[in-house]
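Printed here is target39.txt (compact mmCIF, C-alpha atoms):
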```txt
# COMPACT_ATOMS: atom_id res chain seq x y z
CA MET A 23 -4.09 14.70 -18.29
CA THR A 24 -2.23 11.48 -19.09
CA PHE A 25 0.74 10.55 -16.93
CA LYS A 26 3.08 11.06 -19.85
CA GLU A 27 1.70 14.57 -20.46
CA ARG A 28 1.97 15.38 -16.76
CA ILE A 29 5.66 14.46 -16.70
CA LEU A 30 6.36 16.44 -19.87
CA SER A 31 4.56 19.49 -18.52
CA ILE A 32 6.62 19.38 -15.31
CA GLN A 33 10.13 18.63 -16.48
CA GLY A 34 9.96 19.31 -20.19
CA GLN A 35 11.19 15.82 -21.03
CA PRO A 36 10.06 12.25 -20.52
CA LEU A 37 10.96 10.16 -17.49
CA ARG A 38 14.43 8.61 -17.66
CA ALA A 39 16.35 6.09 -15.55
CA LYS A 40 19.25 7.32 -13.44
CA GLY A 41 21.13 4.05 -13.12
CA VAL A 42 20.55 0.39 -12.28
CA ASP A 43 21.27 -0.20 -8.60
CA ILE A 44 18.84 -3.06 -8.05
CA ILE A 45 17.68 -6.01 -10.10
CA GLN A 46 14.24 -7.22 -9.18
CA VAL A 47 13.28 -10.68 -10.40
CA ASN A 48 9.76 -12.01 -10.46
CA ILE A 49 10.44 -15.73 -10.38
CA GLY A 50 6.86 -16.92 -10.73
CA SER A 51 3.22 -16.08 -10.17
CA LYS A 52 2.32 -19.23 -8.25
CA CYS A 53 1.21 -18.45 -4.72
CA ASN A 54 -0.39 -20.29 -1.80
CA MET A 55 -2.73 -17.31 -1.41
CA ALA A 56 -5.08 -15.35 -3.69
CA CYS A 57 -5.25 -11.89 -2.10
CA ARG A 58 -7.96 -9.52 -3.27
CA HIS A 59 -5.54 -6.66 -3.88
CA CYS A 60 -2.84 -8.68 -5.68
CA HIS A 61 -1.53 -6.85 -8.76
CA VAL A 62 0.07 -10.07 -10.07
CA THR A 63 -3.23 -11.99 -9.84
CA ALA A 64 -1.10 -14.68 -8.23
CA GLY A 65 -2.63 -17.90 -6.95
CA PRO A 66 -2.19 -21.65 -6.50
CA ASP A 67 -3.13 -22.40 -10.12
CA ARG A 68 -0.58 -20.10 -11.79
CA LYS A 69 2.14 -22.01 -13.61
CA GLN A 70 4.79 -19.60 -14.91
CA GLU A 71 8.11 -19.83 -13.11
CA MET A 72 11.68 -18.82 -13.85
CA ASP A 73 13.95 -21.74 -14.79
CA ARG A 74 17.46 -22.28 -13.48
CA GLU A 75 19.10 -21.25 -16.76
CA THR A 76 17.47 -17.82 -16.63
CA MET A 77 18.51 -17.49 -12.99
CA GLU A 78 22.10 -18.24 -13.98
CA THR A 79 21.91 -15.45 -16.56
CA VAL A 80 20.53 -13.06 -13.93
CA LEU A 81 23.38 -13.96 -11.57
CA ASP A 82 25.92 -13.39 -14.35
CA VAL A 83 24.40 -9.99 -15.11
CA LEU A 84 24.62 -8.97 -11.45
CA LYS A 85 28.24 -10.10 -11.25
CA ASP A 86 29.37 -8.60 -14.57
CA ASN A 87 27.83 -5.22 -13.87
CA THR A 88 28.66 -4.92 -10.15
CA ILE A 89 25.03 -4.52 -9.22
CA SER A 90 24.94 -5.36 -5.54
CA CYS A 91 21.29 -5.88 -4.75
CA LEU A 92 18.92 -8.65 -5.84
CA ASP A 93 15.24 -8.22 -4.97
CA ILE A 94 13.21 -11.43 -5.37
CA THR A 95 9.46 -11.39 -5.73
CA GLY A 96 6.55 -13.48 -7.08
CA GLY A 97 3.79 -14.86 -6.47
CA ALA A 98 5.24 -16.55 -3.48
CA PRO A 99 8.85 -16.72 -4.71
CA GLU A 100 9.58 -19.57 -2.32
CA LEU A 101 7.37 -21.86 -4.44
CA ASN A 102 9.82 -21.75 -7.33
CA PRO A 103 11.83 -25.01 -7.04
CA HIS A 104 15.09 -23.12 -7.75
CA PHE A 105 14.44 -20.36 -5.22
CA ARG A 106 16.94 -21.52 -2.61
CA TYR A 107 19.55 -22.08 -5.30
CA LEU A 108 19.17 -18.47 -6.48
CA VAL A 109 19.39 -17.05 -2.97
CA GLY A 110 22.39 -19.22 -2.08
CA LYS A 111 24.32 -18.33 -5.23
CA ALA A 112 23.56 -14.63 -4.85
CA ARG A 113 24.74 -14.66 -1.25
CA ASP A 114 27.89 -16.60 -2.20
CA SER A 115 28.63 -13.74 -4.61
CA GLY A 116 28.29 -11.25 -1.78
CA LEU A 117 25.05 -9.71 -3.02
CA HIS A 118 22.48 -8.14 -0.75
CA VAL A 119 19.33 -10.23 -1.17
CA ILE A 120 15.80 -9.02 -0.50
CA VAL A 121 12.88 -11.45 -0.56
CA ARG A 122 9.26 -10.34 -0.64
CA THR A 123 7.37 -12.96 1.31
CA ASN A 124 3.73 -13.39 2.24
CA LEU A 125 4.69 -15.00 5.60
CA THR A 126 1.94 -17.64 5.45
CA ILE A 127 4.16 -19.68 3.10
CA PHE A 128 6.20 -20.71 6.17
CA PHE A 129 3.39 -23.13 7.07
CA GLU A 130 3.14 -24.91 3.72
CA GLU A 131 4.52 -28.42 3.42
CA GLY A 132 8.28 -28.45 2.93
CA MET A 133 8.63 -24.76 3.79
CA GLU A 134 8.85 -25.06 7.56
CA ASP A 135 12.57 -24.27 7.69
CA LEU A 136 12.30 -21.07 5.61
CA PRO A 137 12.85 -18.74 8.60
CA GLU A 138 16.12 -20.53 9.40
CA PHE A 139 17.10 -20.48 5.72
CA TYR A 140 16.55 -16.72 5.61
CA SER A 141 18.45 -16.21 8.81
CA ASN A 142 21.42 -18.35 7.72
CA ASN A 143 21.66 -16.37 4.48
CA ALA A 144 21.16 -12.91 6.03
CA VAL A 145 18.26 -12.24 3.67
CA GLU A 146 16.40 -8.96 4.08
CA ILE A 147 12.70 -9.73 4.39
CA ILE A 148 9.91 -7.53 3.10
CA ALA A 149 6.68 -9.08 4.28
CA SER A 150 3.08 -8.29 3.40
CA LEU A 151 0.94 -7.40 6.38
CA PRO A 152 -1.85 -5.12 5.18
CA TYR A 153 -2.87 -4.18 8.73
CA TYR A 154 -2.30 -5.00 12.38
CA THR A 155 -5.76 -6.42 13.12
CA GLU A 156 -7.13 -9.83 12.19
CA SER A 157 -10.41 -8.70 10.65
CA GLU A 158 -8.79 -6.30 8.19
CA VAL A 159 -6.08 -8.74 7.11
CA ASP A 160 -8.33 -11.77 6.74
CA ARG A 161 -10.83 -9.79 4.69
CA VAL A 162 -8.16 -9.06 2.08
CA ARG A 163 -5.97 -12.16 2.30
CA GLY A 164 -8.32 -14.94 3.37
CA LYS A 165 -9.39 -16.49 6.66
CA GLY A 166 -6.54 -17.50 8.93
CA ALA A 167 -3.96 -15.33 7.13
CA PHE A 168 -3.44 -12.99 10.06
CA GLU A 169 -2.93 -15.75 12.60
CA LYS A 170 -0.31 -17.42 10.37
CA SER A 171 1.37 -14.08 9.67
CA THR A 172 1.77 -13.26 13.35
CA ARG A 173 3.11 -16.74 14.05
CA ALA A 174 5.62 -16.32 11.23
CA LEU A 175 6.71 -12.91 12.53
CA LYS A 176 7.27 -14.38 16.00
CA LYS A 177 9.48 -17.09 14.46
CA LEU A 178 11.50 -14.42 12.68
CA ASN A 179 11.81 -12.36 15.86
CA ASN A 180 13.09 -15.44 17.69
CA LEU A 181 15.82 -15.72 15.05
CA GLY A 182 16.86 -12.11 15.65
CA TYR A 183 14.89 -10.52 12.81
CA GLY A 184 13.24 -7.14 13.26
CA CYS A 185 15.39 -6.00 16.15
CA GLY A 186 17.54 -3.40 14.39
CA SER A 187 20.30 -5.76 13.23
CA PHE A 188 21.59 -4.89 9.74
CA ASP A 189 21.72 -8.48 8.46
CA LYS A 190 18.33 -9.44 9.95
CA ARG A 191 16.17 -6.71 8.53
CA LEU A 192 12.44 -7.31 8.67
CA ASN A 193 10.23 -4.75 6.97
CA LEU A 194 6.47 -4.87 6.62
CA VAL A 195 4.22 -3.64 3.84
CA TYR A 196 0.85 -1.98 4.29
CA ASN A 197 -1.68 -1.85 1.45
CA PRO A 198 -5.01 -0.08 1.83
CA ALA A 199 -7.79 -2.65 2.22
CA GLY A 200 -10.03 -0.85 -0.26
CA ILE A 201 -10.56 2.12 -2.52
CA PHE A 202 -8.60 4.71 -0.61
CA LEU A 203 -5.05 5.99 -0.45
CA ALA A 204 -2.36 4.95 2.00
CA PRO A 205 -1.83 7.07 5.12
CA SER A 206 1.43 8.70 6.13
CA GLN A 207 4.14 6.08 6.50
CA GLY A 208 5.60 7.46 9.72
CA ALA A 209 2.35 7.70 11.65
CA LEU A 210 1.17 4.27 10.58
CA GLU A 211 4.56 2.72 11.39
CA ASP A 212 4.17 4.01 14.95
CA ASP A 213 0.72 2.38 15.15
CA TYR A 214 1.98 -0.93 13.76
CA LYS A 215 4.94 -0.99 16.15
CA ARG A 216 2.84 -0.14 19.18
CA GLU A 217 -0.04 -2.51 18.42
CA LEU A 218 2.00 -5.50 17.21
CA ARG A 219 4.22 -5.27 20.28
CA LYS A 220 1.29 -4.79 22.66
CA ARG A 221 -0.94 -7.50 21.18
CA PHE A 222 1.64 -10.11 20.11
CA GLY A 223 5.09 -9.06 21.34
CA ILE A 224 6.21 -8.66 17.70
CA THR A 225 8.89 -6.20 16.56
CA PHE A 226 10.02 -5.16 13.07
CA ASP A 227 12.27 -2.53 11.48
CA ARG A 228 10.39 -0.45 8.91
CA LEU A 229 6.88 -0.16 7.52
CA TYR A 230 6.36 0.68 3.85
CA THR A 231 2.97 2.00 2.79
CA PHE A 232 2.03 1.32 -0.83
CA ALA A 233 -1.01 2.41 -2.79
CA ASN A 234 -2.93 -0.34 -4.53
CA MET A 235 -2.06 -0.37 -8.21
CA PRO A 236 -5.08 -0.23 -10.54
CA ILE A 237 -4.02 -3.45 -12.24
CA GLY A 238 -4.50 -7.18 -11.73
CA ARG A 239 -7.07 -8.42 -9.24
CA PHE A 240 -7.52 -4.96 -7.69
CA ARG A 241 -8.43 -3.53 -11.09
CA GLU A 242 -11.03 -6.28 -11.54
CA TYR A 243 -12.52 -5.25 -8.21
CA LEU A 244 -12.55 -1.58 -9.22
CA ILE A 245 -14.36 -2.43 -12.44
CA LEU A 246 -16.90 -4.70 -10.75
CA SER A 247 -17.66 -2.11 -8.10
CA THR A 248 -17.84 0.66 -10.75
CA ASN A 249 -15.09 2.57 -8.95
CA LEU A 250 -12.30 2.46 -11.53
CA GLN A 251 -12.70 6.05 -12.76
CA ARG A 252 -13.17 7.42 -9.26
CA TYR A 253 -9.99 5.67 -8.08
CA MET A 254 -7.99 6.83 -11.11
CA ASP A 255 -9.18 10.41 -10.50
CA LYS A 256 -8.12 10.10 -6.88
CA LEU A 257 -4.64 8.92 -7.81
CA GLU A 258 -4.27 11.71 -10.35
CA ASP A 259 -5.51 14.36 -7.89
CA ALA A 260 -2.95 13.14 -5.34
CA PHE A 261 -0.02 13.49 -7.77
CA ASN A 262 3.06 14.61 -5.84
CA LEU A 263 5.93 16.14 -7.76
CA LEU A 264 8.38 15.27 -4.99
CA THR A 265 7.98 11.53 -5.62
CA LEU A 266 9.55 11.70 -9.08
CA GLU A 267 13.16 11.69 -7.93
CA GLY A 268 12.76 8.49 -5.91
CA LEU A 269 10.63 6.42 -8.27
CA MET A 270 11.90 2.84 -8.20
CA CYS A 271 11.88 2.53 -11.99
CA ARG A 272 14.68 5.11 -12.16
CA ARG A 273 17.11 2.88 -10.25
CA LEU A 274 15.86 -0.63 -10.91
CA ILE A 275 15.35 -3.17 -13.65
CA SER A 276 12.60 -5.73 -13.32
CA ILE A 277 13.08 -9.17 -14.85
CA GLY A 278 10.16 -11.49 -15.55
CA TRP A 279 10.01 -15.26 -15.14
CA ASN A 280 10.97 -15.67 -18.82
CA GLY A 281 13.87 -13.22 -18.70
CA VAL A 282 12.01 -10.26 -20.20
CA LEU A 283 13.26 -6.84 -19.02
CA CYS A 284 10.80 -4.21 -17.78
CA ASP A 285 10.89 -0.89 -15.96
CA CYS A 286 9.03 -2.26 -12.93
CA ASP A 287 7.00 -5.22 -11.72
CA PHE A 288 3.78 -3.41 -12.61
CA ASN A 289 4.81 -2.85 -16.22
CA GLN A 290 5.85 -6.48 -16.37
CA ILE A 291 2.38 -7.63 -15.28
CA LEU A 292 0.79 -5.30 -17.84
CA GLY A 293 3.08 -6.60 -20.60
CA LEU A 294 4.64 -3.15 -21.09
CA THR A 295 8.12 -3.71 -22.50
CA LEU A 296 11.13 -1.43 -22.30
CA ASP A 297 11.65 1.41 -24.75
CA ALA A 298 12.34 0.02 -28.24
CA ASP A 299 15.97 1.26 -28.15
CA CYS A 300 16.75 -0.99 -25.19
CA PRO A 301 17.59 -4.70 -25.00
CA GLN A 302 14.43 -6.64 -24.18
CA SER A 303 15.86 -9.78 -22.60
CA VAL A 304 18.23 -10.44 -19.72
CA LYS A 305 20.39 -12.34 -22.24
CA ASN A 306 21.18 -8.99 -23.93
CA PHE A 307 21.57 -6.94 -20.75
CA ASP A 308 23.43 -3.70 -21.46
CA TYR A 309 24.10 -1.67 -18.33
CA LEU A 310 24.94 1.62 -20.02
CA ARG A 311 21.91 1.66 -22.29
CA LEU A 312 19.61 0.61 -19.50
CA SER A 313 21.01 3.18 -17.07
CA GLU A 314 19.77 6.11 -19.11
CA ARG A 315 16.76 4.54 -20.78
CA LEU A 316 13.44 6.23 -21.38
CA ILE A 317 10.91 4.72 -19.01
CA THR A 318 7.68 3.28 -20.37
CA VAL A 319 4.79 4.91 -18.52
CA GLY A 320 1.03 4.44 -18.36
CA GLU A 321 -1.91 5.65 -16.32
CA HIS A 322 -1.12 3.13 -13.54
CA CYS A 323 2.07 5.15 -12.86
CA TYR A 324 -0.12 7.65 -10.98
CA GLY A 325 -0.22 4.91 -8.32
CA CYS A 326 3.50 5.46 -7.62
CA THR A 327 3.27 9.26 -7.50
CA ALA A 328 0.16 9.64 -5.35
CA GLY A 329 0.65 11.24 -1.95
CA GLN A 330 3.98 10.30 -0.42
CA GLY A 331 4.69 7.80 -3.23
CA SER A 332 4.74 4.03 -3.31
CA THR A 333 8.24 2.82 -3.96
CA MET B 1209 -37.63 10.36 -0.47
CA THR B 1210 -35.20 7.43 -0.96
CA GLU B 1211 -33.30 9.63 -3.44
CA TYR B 1212 -33.21 12.61 -1.10
CA TYR B 1213 -29.47 12.17 -0.34
CA ARG B 1214 -27.47 11.09 -3.40
CA ASN B 1215 -23.77 10.16 -3.40
CA GLU B 1216 -23.02 12.34 -6.40
CA ASP B 1217 -24.47 15.41 -4.69
CA LEU B 1218 -21.42 15.67 -2.44
CA ASP B 1219 -19.30 16.38 -5.52
CA ARG B 1220 -21.69 19.26 -6.33
CA PHE B 1221 -20.93 21.13 -3.09
CA GLY B 1222 -19.10 23.81 -5.07
CA GLU B 1223 -22.41 24.80 -6.69
CA ILE B 1224 -23.36 26.45 -3.41
CA GLY B 1225 -20.70 29.02 -4.27
CA LYS B 1226 -22.68 30.12 -7.32
CA TYR B 1227 -24.57 32.55 -5.10
CA HIS B 1228 -22.53 34.66 -2.68
CA PRO B 1229 -19.20 33.22 -3.90
CA ASP B 1230 -17.28 35.42 -1.45
CA LEU B 1231 -19.08 33.86 1.50
CA PHE B 1232 -18.55 30.34 0.14
CA ARG B 1233 -14.86 31.01 -0.41
CA LYS B 1234 -14.53 32.28 3.14
CA PHE B 1235 -16.30 29.18 4.40
CA MET B 1236 -14.02 26.87 2.41
CA ASP B 1237 -10.87 28.70 3.54
CA TRP B 1238 -12.02 28.45 7.13
CA TYR B 1239 -13.03 24.80 6.76
CA ASN B 1240 -9.73 23.79 5.16
CA SER B 1241 -7.69 25.76 7.68
CA ALA B 1242 -9.58 24.21 10.56
CA LEU B 1243 -8.69 20.73 9.31
CA GLU B 1244 -4.98 21.45 8.84
CA PRO B 1245 -2.78 19.74 11.42
CA GLY B 1246 -1.96 22.08 14.29
CA LEU B 1247 -1.65 21.28 17.96
CA LEU B 1248 -4.10 18.52 17.09
CA SER B 1249 -2.97 15.99 14.49
CA LYS B 1250 -4.83 15.38 11.22
CA ARG B 1251 -5.97 12.05 12.64
CA GLU B 1252 -7.44 13.67 15.77
CA LYS B 1253 -9.26 16.24 13.66
CA VAL B 1254 -10.66 13.57 11.36
CA LEU B 1255 -11.97 11.62 14.35
CA ILE B 1256 -13.65 14.77 15.71
CA GLY B 1257 -15.21 15.25 12.27
CA LEU B 1258 -16.45 11.66 12.24
CA ALA B 1259 -17.96 11.97 15.70
CA VAL B 1260 -19.71 15.25 14.85
CA ALA B 1261 -20.92 13.80 11.53
CA HIS B 1262 -22.72 11.05 13.42
CA VAL B 1263 -24.12 13.29 16.10
CA ILE B 1264 -25.58 15.66 13.49
CA GLN B 1265 -26.38 12.62 11.30
CA CYS B 1266 -25.17 14.17 8.06
CA PRO B 1267 -24.87 11.41 5.40
CA TYR B 1268 -22.36 13.38 3.35
CA CYS B 1269 -20.15 14.02 6.36
CA ILE B 1270 -20.38 10.38 7.47
CA ASP B 1271 -19.22 9.17 4.03
CA SER B 1272 -16.51 11.76 3.82
CA TYR B 1273 -15.07 11.32 7.31
CA SER B 1274 -15.28 7.51 7.20
CA ARG B 1275 -13.08 7.62 4.11
CA SER B 1276 -10.76 10.12 5.80
CA CYS B 1277 -10.41 7.75 8.76
CA LEU B 1278 -9.27 4.97 6.42
CA GLU B 1279 -6.84 7.34 4.73
CA GLU B 1280 -5.41 8.20 8.14
CA GLY B 1281 -4.66 4.52 8.73
CA MET B 1282 -7.65 3.74 10.93
CA CYS B 1283 -10.05 0.82 10.64
CA LEU B 1284 -13.55 -0.11 11.81
CA GLU B 1285 -12.21 -0.70 15.32
CA HIS B 1286 -11.11 2.94 15.58
CA ILE B 1287 -14.28 4.22 13.93
CA THR B 1288 -16.57 2.22 16.19
CA GLU B 1289 -14.63 3.26 19.29
CA ALA B 1290 -15.01 6.91 18.31
CA LEU B 1291 -18.73 6.44 17.66
CA HIS B 1292 -19.18 5.04 21.14
CA VAL B 1293 -17.60 8.20 22.55
CA ALA B 1294 -19.88 10.39 20.43
CA SER B 1295 -22.94 8.36 21.35
CA ALA B 1296 -22.02 8.19 25.02
CA VAL B 1297 -21.62 11.99 25.19
CA ARG B 1298 -24.89 12.38 23.34
CA GLY B 1299 -26.61 9.89 25.65
CA GLY B 1300 -25.10 11.56 28.70
CA ALA B 1301 -26.42 14.92 27.51
CA SER B 1302 -29.94 13.48 27.54
CA LEU B 1303 -29.45 11.77 30.87
CA ILE B 1304 -28.04 14.83 32.64
CA HIS B 1305 -31.28 16.64 31.75
CA GLY B 1306 -32.90 14.19 34.11
CA ILE B 1307 -31.77 16.62 36.82
CA GLN B 1308 -34.03 19.26 35.23
CA ALA B 1309 -36.89 16.75 35.38
CA HIS B 1310 -36.06 16.01 39.00
CA ASN B 1311 -35.97 19.75 39.78
CA THR B 1312 -39.35 20.28 38.10
CA VAL B 1313 -40.90 17.31 39.89
CA GLN B 1314 -39.56 18.58 43.22
CA LYS B 1315 -41.05 22.02 42.56
CA LEU B 1316 -44.40 20.51 41.75
CA SER B 1317 -44.49 18.01 44.54
CA LEU B 1318 -45.45 18.37 48.19
```
Encoded form (structure tokens):
Amino acid sequence: MTFKERILSIQGQPLRAKGVDIIQVNIGSKCNMACRHCHVTAGPDRKQEMDRETMETVLDVLKDNTISCLDITGGAPELNPHFRYLVGKARDSGLHVIVRTNLTIFFEEGMEDLPEFYSNNAVEIIASLPYYTESEVDRVRGKGAFEKSTRALKKLNNLGYGCGSFDKRLNLVYNPAGIFLAPSQGALEDDYKRELRKRFGITFDRLYTFANMPIGRFREYLILSTNLQRYMDKLEDAFNLLTLEGLMCRRLISIGWNGVLCDCDFNQILGLTLDADCPQSVKNFDYLRLSERLITVGEHCYGCTAGQGST
Amino acid sequence: MTEYYRNEDLDRFGEIGKYHPDLFRKFMDWYNSALEPGLLSKREKVLIGLAVAHVIQCPYCIDSYSRSCLEEGMCLEHITEALHVASAVRGGASLIHGIQAHNTVQKLSL
């Protein structure tokens, strides 16, 4: 059964948004890493990046519509030359700012003061750390990634991040390192907390467990290993009705590097635009129409509804 | 014999229920109930399954419980640690029978 059919069979109508509480911007696909599970297929050679004019429009939209949360992602968003400008302006406007960082970026040239920048701007950090052991992380993210990640986390801890303070929130993200589903968030969070503290003296606030989306570089891997159908079947079999209420697409708008509006970062990567009745660019942002829009769905959406959900 | 155990055969397990379906259903109910979290967590039960799978050397069970270990948030470090426990118990079971050998030798010796 297609995802669209599944939703119709359950609730008798298609999936709709329930507001726009968060704006997520993908400000570029350039990254210092090339992780094997990356749904953006980000890497050092990617060129697209959001320009300052588009950022200004995003900031205006946030201000005009009293949307209080800006979630910045990439690639490595820090590689966009206007990144710090965007964060600074958003904070000046009193917005809550979330940045999704890969941690290893802290050790690239010119990026050494990023932890202090984050701390000074009370940025909430969501950091990729697919596991708490070196072998698992380096296998997915490249040799040396784990060592850099733990060093970065220690820097953040020294600045007061990950110790329960509201304006120094440090959350980690687990992705399965292969063709299997994510475990229970609570149990794995306990493991992460215990092992990272015991092995490295690292603390953090929350762990999010996300399923790997069958798109981008992970999809290429599924195809090459002839596991695409098996993985899709697994996601479909694990469909959980209870995840529908909290799906991120129902409360968020995703904006691409060129200002295009999408229901989520995954749709953006797949080139799936908003419903035809909606504005398609941030320049034509219309809060009311977007708040109740029909959501564009595809088979990859089973990745967000599998098990305990992935948003 | 290289094709004796085939990956796709695990998905055919339900075919066993074609004959004596009532017995197969009872087995599956029992099996699923036994693996439900109780006083032992799902993770503990999966690790027991993995250990038993290796001791009885069932390829289907090894595949199945290795995957379950990953889905319970474990990695090769956990899996290998559990296999050492299983192997150590299995090795100890052989070694303790050395006492039977000693007893026999004592009976037969002057």
Checklist entry - For chain B, which of A:Ile89, A:Leu192, A:Ala204, A:Ala149 is the closest residue, counting only C-alpha atoms? => result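 Once distances to chain B are computed over only C-alpha atoms, the minimum belongs to A:Ala204.
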Would you pick out the contacts of region 1262-1264 of chain B at 12 Å or less, using all atoms listed in the file, so that residues sharing its chain but fewer than 6 positions from it are not included, and give the list as a tab-separated table (two decimals) with C-alpha atoms, in the frame of the given file?
```tsv
chain	number	residue	atom	x	y	z
B	1255	LEU	CA	-11.97	11.62	14.35
B	1256	ILE	CA	-13.65	14.77	15.71
B	1270	ILE	CA	-20.38	10.38	7.47
B	1271	ASP	CA	-19.22	9.17	4.03
B	1272	SER	CA	-16.51	11.76	3.82
B	1273	TYR	CA	-15.07	11.32	7.31
B	1274	SER	CA	-15.28	7.51	7.20
B	1287	ILE	CA	-14.28	4.22	13.93
B	1288	THR	CA	-16.57	2.22	16.19
B	1290	ALA	CA	-15.01	6.91	18.31
B	1291	LEU	CA	-18.73	6.44	17.66
B	1292	HIS	CA	-19.18	5.04	21.14
B	1293	VAL	CA	-17.60	8.20	22.55
B	1294	ALA	CA	-19.88	10.39	20.43
B	1295	SER	CA	-22.94	8.36	21.35
B	1296	ALA	CA	-22.02	8.19	25.02
B	1297	VAL	CA	-21.62	11.99	25.19
B	1298	ARG	CA	-24.89	12.38	23.34
B	1299	GLY	CA	-26.61	9.89	25.65
B	1301	ALA	CA	-26.42	14.92	27.51
```
Closest pair table for chain A residues within 9 Å of chain B, all atoms listed in the file, as JSON lines:
```
{"residue": "A:Tyr153", "atom": "CA", "partner": "B:Gly1281", "partner_atom": "CA", "distance": 8.9}
{"residue": "A:Thr155", "atom": "CA", "partner": "B:Cys1283", "partner_atom": "CA", "distance": 8.8}
{"residue": "A:Glu158", "atom": "CA", "partner": "B:Cys1283", "partner_atom": "CA", "distance": 7.6}
{"residue": "A:Pro198", "atom": "CA", "partner": "B:Leu1278", "partner_atom": "CA", "distance": 8.0}
{"residue": "A:Ala199", "atom": "CA", "partner": "B:Leu1278", "partner_atom": "CA", "distance": 8.8}
{"residue": "A:Gly200", "atom": "CA", "partner": "B:Leu1278", "partner_atom": "CA", "distance": 8.9}
{"residue": "A:Ile201", "atom": "CA", "partner": "B:Arg1275", "partner_atom": "CA", "distance": 9.0}
{"residue": "A:Phe202", "atom": "CA", "partner": "B:Glu1279", "partner_atom": "CA", "distance": 6.2}
{"residue": "A:Leu203", "atom": "CA", "partner": "B:Glu1279", "partner_atom": "CA", "distance": 5.6}
{"residue": "A:Ala204", "atom": "CA", "partner": "B:Glu1279", "partner_atom": "CA", "distance": 5.8}
{"residue": "A:Pro205", "atom": "CA", "partner": "B:Glu1280", "partner_atom": "CA", "distance": 4.8}
{"residue": "A:Ser206", "atom": "CA", "partner": "B:Glu1280", "partner_atom": "CA", "distance": 7.1}
{"residue": "A:Ala209", "atom": "CA", "partner": "B:Gly1281", "partner_atom": "CA", "distance": 8.2}
{"residue": "A:Leu210", "atom": "CA", "partner": "B:Gly1281", "partner_atom": "CA", "distance": 6.1}
{"residue": "A:Asp213", "atom": "CA", "partner": "B:Gly1281", "partner_atom": "CA", "distance": 8.6}
```
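Here the question is which of A:Cys286, A:Ala233, A:Ile277, A:Leu181 gets nearest to Gln330 (chain A) using only C-alpha atoms, and that residue is A:Ala233.
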For Glu267 (chain A), the closest of A:Met77, A:Cys326, A:Ala56, A:Ala98 counting only C-alpha atoms is A:Cys326
CA of Gly116 (chain A) sits from CA of Val62 (chain A) at a separation of 29.4 Å
Computed gap from CA of Asn193 (chain A) to CA of Glu242 (chain A) is 28.2 Å
Of A:Met55, A:Cys323, A:Leu117, A:Leu84, the one nearest to Leu269 (chain A) when counting all atoms listed in the file is A:Cys323
re CA of Asp1217 (chain B) and CA of Phe1235 (chain B): distance 18.4 Å
Of A:Gln46, A:Asn54, A:Val195, A:Lys176, the one sitting nearest Glu131 (chain A) when using only C-alpha atoms is A:Asn54
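Closest approach to Arg228 (chain A) among A:Ala112, A:Leu175, A:Cys185, A:Cys300: A:Cys185, based on only C-alpha atoms.
Taking all atoms listed in the file into account, the protein, DNA and RNA residues within 8 Å of (10.0, -2.9, -19.2) read Ile275, Ser276, Val282, Leu283, Cys284, Asp285, Cys286, Asn289, Gln290, Gly293, Leu294, Thr295, Leu296, Asp297, Gln302, Ile317 and Thr318 of chain A.
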